[in-house]
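Undergrad: Below is the structure I would like to discuss, written out as structure tokens.
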Amino acid sequence: MNEHEVLVLNVASELEADAAIAALGDAGIAAYKKTVPNSGLLAMPGAFGLAENGIDIVTRKEDGPRAASILMGIGYEPLVEPADDDEDGEESGEKPMTVEEQKQALAKEYAELHPVKRVLLIVLILLMVCGTVWMVDFIINTIKGLI
């Protein structure tokens, strides 16, 4: 970790770390997790997704207070002071988009796609669905053959 980053949270499991990073990502804050190794002589790696000394969640220094307020909102106790709501609004200069505004933005983005890209996107989605169905069918038939 360098001088441009700040440790905002330490959690015990990968699941908690992923949930915290997802919440920060939804708010537009870049974050990453870093496992804290055990420095003992007989140190063994964590099992079942549990790190011996926890997992650190790190963000940029300027995003630290805002990240802390988001983490407090989902029930964690961050390691930095959260930002005041008034300061947060002044810094970003933007109000958060509602669900309807997000849907409209995605629809506009899709409408702006080139027609060839639209067709390729639809074909890709259909191939993914077919591949999933075929894989599940293959697994079920394999299991039936074993029984």
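In the structure tokens, chains take the letters A, B, ... in the order shown, each chain's residues start at 1, and ligands count up from 1 in the order shown.
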Which neighbours of Asp56 (chain A) fall inside 12 Å, counting only C-alpha atoms, when residues of the same chain fewer than 2 positions from it are skipped, and could you give them as a PyMOL selection string?
TA: chain A and resi 1+5-14+16-18+20-21+31-37+51-54+58-59+78-79
Undergrad: Take the selection from the previous step and output its residues with N, CA and C atoms, as a PDB file, in the first residue's frame.
TA:
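Listing of part-v7.pdb after writing:
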ATOM      1  N   MET A   1       0.853  -1.178   0.000  1.00  0.00           N
ATOM      2  CA  MET A   1       0.000   0.000   0.000  1.00  0.00           C
ATOM      3  C   MET A   1       0.897   1.240   0.000  1.00  0.00           C
ATOM      4  N   GLU A   5      -3.180   5.409  -1.142  1.00  0.00           N
ATOM      5  CA  GLU A   5      -4.217   4.451  -0.786  1.00  0.00           C
ATOM      6  C   GLU A   5      -4.479   4.505   0.709  1.00  0.00           C
ATOM      7  N   VAL A   6      -5.679   4.045   1.099  1.00  0.00           N
ATOM      8  CA  VAL A   6      -6.035   4.010   2.505  1.00  0.00           C
ATOM      9  C   VAL A   6      -6.771   2.703   2.798  1.00  0.00           C
ATOM     10  N   LEU A   7      -6.473   2.120   3.951  1.00  0.00           N
ATOM     11  CA  LEU A   7      -7.140   0.910   4.410  1.00  0.00           C
ATOM     12  C   LEU A   7      -8.462   1.329   5.048  1.00  0.00           C
ATOM     13  N   VAL A   8      -9.583   0.867   4.480  1.00  0.00           N
ATOM     14  CA  VAL A   8     -10.888   1.291   5.003  1.00  0.00           C
ATOM     15  C   VAL A   8     -11.576   0.225   5.836  1.00  0.00           C
ATOM     16  N   LEU A   9     -11.202  -1.053   5.663  1.00  0.00           N
ATOM     17  CA  LEU A   9     -11.918  -2.108   6.373  1.00  0.00           C
ATOM     18  C   LEU A   9     -11.049  -3.358   6.442  1.00  0.00           C
ATOM     19  N   ASN A  10     -11.200  -4.123   7.528  1.00  0.00           N
ATOM     20  CA  ASN A  10     -10.580  -5.423   7.659  1.00  0.00           C
ATOM     21  C   ASN A  10     -11.679  -6.402   8.022  1.00  0.00           C
ATOM     22  N   VAL A  11     -11.855  -7.448   7.197  1.00  0.00           N
ATOM     23  CA  VAL A  11     -12.903  -8.435   7.432  1.00  0.00           C
ATOM     24  C   VAL A  11     -12.276  -9.809   7.587  1.00  0.00           C
ATOM     25  N   ALA A  12     -13.085 -10.772   8.044  1.00  0.00           N
ATOM     26  CA  ALA A  12     -12.559 -12.094   8.351  1.00  0.00           C
ATOM     27  C   ALA A  12     -12.650 -13.074   7.186  1.00  0.00           C
ATOM     28  N   SER A  13     -13.590 -12.884   6.253  1.00  0.00           N
ATOM     29  CA  SER A  13     -13.775 -13.891   5.209  1.00  0.00           C
ATOM     30  C   SER A  13     -13.821 -13.271   3.820  1.00  0.00           C
ATOM     31  N   GLU A  14     -13.610 -14.125   2.821  1.00  0.00           N
ATOM     32  CA  GLU A  14     -13.668 -13.701   1.426  1.00  0.00           C
ATOM     33  C   GLU A  14     -15.063 -13.204   1.071  1.00  0.00           C
ATOM     34  N   GLU A  16     -17.314 -11.712   2.987  1.00  0.00           N
ATOM     35  CA  GLU A  16     -17.496 -10.338   3.479  1.00  0.00           C
ATOM     36  C   GLU A  16     -16.710  -9.340   2.641  1.00  0.00           C
ATOM     37  N   ALA A  17     -15.497  -9.725   2.257  1.00  0.00           N
ATOM     38  CA  ALA A  17     -14.663  -8.837   1.441  1.00  0.00           C
ATOM     39  C   ALA A  17     -15.314  -8.589   0.088  1.00  0.00           C
ATOM     40  N   ASP A  18     -15.830  -9.654  -0.532  1.00  0.00           N
ATOM     41  CA  ASP A  18     -16.479  -9.498  -1.833  1.00  0.00           C
ATOM     42  C   ASP A  18     -17.734  -8.646  -1.725  1.00  0.00           C
ATOM     43  N   ALA A  20     -18.317  -6.245   0.486  1.00  0.00           N
ATOM     44  CA  ALA A  20     -17.911  -4.853   0.699  1.00  0.00           C
ATOM     45  C   ALA A  20     -17.390  -4.232  -0.592  1.00  0.00           C
ATOM     46  N   ILE A  21     -16.608  -4.977  -1.347  1.00  0.00           N
ATOM     47  CA  ILE A  21     -16.071  -4.461  -2.608  1.00  0.00           C
ATOM     48  C   ILE A  21     -17.198  -4.245  -3.617  1.00  0.00           C
ATOM     49  N   ALA A  31     -11.978  -0.364  -5.387  1.00  0.00           N
ATOM     50  CA  ALA A  31     -11.407  -0.951  -4.171  1.00  0.00           C
ATOM     51  C   ALA A  31     -10.848  -2.325  -4.515  1.00  0.00           C
ATOM     52  N   TYR A  32      -9.901  -2.769  -3.711  1.00  0.00           N
ATOM     53  CA  TYR A  32      -9.390  -4.120  -3.877  1.00  0.00           C
ATOM     54  C   TYR A  32      -9.148  -4.731  -2.512  1.00  0.00           C
ATOM     55  N   LYS A  33      -9.043  -6.075  -2.506  1.00  0.00           N
ATOM     56  CA  LYS A  33      -8.805  -6.768  -1.241  1.00  0.00           C
ATOM     57  C   LYS A  33      -7.383  -7.291  -1.222  1.00  0.00           C
ATOM     58  N   LYS A  34      -6.852  -7.354  -0.012  1.00  0.00           N
ATOM     59  CA  LYS A  34      -5.478  -7.801   0.170  1.00  0.00           C
ATOM     60  C   LYS A  34      -5.460  -8.694   1.407  1.00  0.00           C
ATOM     61  N   THR A  35      -5.044  -9.945   1.234  1.00  0.00           N
ATOM     62  CA  THR A  35      -4.962 -10.867   2.353  1.00  0.00           C
ATOM     63  C   THR A  35      -3.765 -10.508   3.216  1.00  0.00           C
ATOM     64  N   VAL A  36      -3.966 -10.492   4.510  1.00  0.00           N
ATOM     65  CA  VAL A  36      -2.895 -10.167   5.439  1.00  0.00           C
ATOM     66  C   VAL A  36      -2.247 -11.480   5.875  1.00  0.00           C
ATOM     67  N   PRO A  37      -0.999 -11.724   5.478  1.00  0.00           N
ATOM     68  CA  PRO A  37      -0.359 -12.993   5.825  1.00  0.00           C
ATOM     69  C   PRO A  37       0.020 -13.053   7.301  1.00  0.00           C
ATOM     70  N   ALA A  51      -9.035 -15.937   6.200  1.00  0.00           N
ATOM     71  CA  ALA A  51      -7.635 -15.556   6.310  1.00  0.00           C
ATOM     72  C   ALA A  51      -7.276 -15.468   7.786  1.00  0.00           C
ATOM     73  N   GLU A  52      -6.054 -15.825   8.133  1.00  0.00           N
ATOM     74  CA  GLU A  52      -5.647 -15.857   9.531  1.00  0.00           C
ATOM     75  C   GLU A  52      -5.674 -14.476  10.170  1.00  0.00           C
ATOM     76  N   ASN A  53      -5.236 -13.460   9.446  1.00  0.00           N
ATOM     77  CA  ASN A  53      -5.206 -12.109   9.991  1.00  0.00           C
ATOM     78  C   ASN A  53      -6.231 -11.206   9.322  1.00  0.00           C
ATOM     79  N   GLY A  54      -7.156 -11.793   8.587  1.00  0.00           N
ATOM     80  CA  GLY A  54      -8.201 -11.010   7.944  1.00  0.00           C
ATOM     81  C   GLY A  54      -7.832 -10.592   6.537  1.00  0.00           C
ATOM     82  N   VAL A  58      -8.925  -1.949   0.487  1.00  0.00           N
ATOM     83  CA  VAL A  58      -8.131  -0.746   0.257  1.00  0.00           C
ATOM     84  C   VAL A  58      -8.764   0.072  -0.870  1.00  0.00           C
ATOM     85  N   THR A  59      -8.824   1.395  -0.681  1.00  0.00           N
ATOM     86  CA  THR A  59      -9.318   2.308  -1.713  1.00  0.00           C
ATOM     87  C   THR A  59      -8.332   3.454  -1.881  1.00  0.00           C
ATOM     88  N   PRO A  78     -15.974   0.890   9.564  1.00  0.00           N
ATOM     89  CA  PRO A  78     -14.761   1.188   8.803  1.00  0.00           C
ATOM     90  C   PRO A  78     -13.636   1.725   9.682  1.00  0.00           C
ATOM     91  N   LEU A  79     -12.433   1.687   9.144  1.00  0.00           N
ATOM     92  CA  LEU A  79     -11.248   2.125   9.872  1.00  0.00           C
ATOM     93  C   LEU A  79     -10.911   3.600   9.641  1.00  0.00           C
TER      94      LEU A  79
END
Undergrad: Mind giving me the straight-line distance from CA of Pro82 (chain A) to CA of Ile70 (chain A) in Å, one decimal?
TA: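 We find that CA of Pro82 (chain A) and CA of Ile70 (chain A) lie 8.2 Å from each other.
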Undergrad: How many Å lie between CA of Trp134 (chain A) and CA of Arg118 (chain A), rounded to one decimal?
TA: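 CA of Arg118 (chain A) lies 24.2 Å from CA of Trp134 (chain A).
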Undergrad: Enter the distance from CA of Met97 (chain A) to CA of Ala23 (chain A), in Å, rounded to one decimal.
TA: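 Interatomic distance, CA of Met97 (chain A) to CA of Ala23 (chain A): 15.7 Å.
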Undergrad: Let's see if you can do this: from backbone DSSP, list all alpha helix (DSSP H) residues in chain A, as a VMD selection string.
TA: chain A and resid 14 to 26 64 to 73 85 to 92 99 to 111 115 to 146
Undergrad: From the options A:Asp137, A:Glu100, A:Asp84, A:Glu112, which residue's atoms come nearest to Ala68 (chain A), counting only C-alpha atoms?
TA: A:Asp84
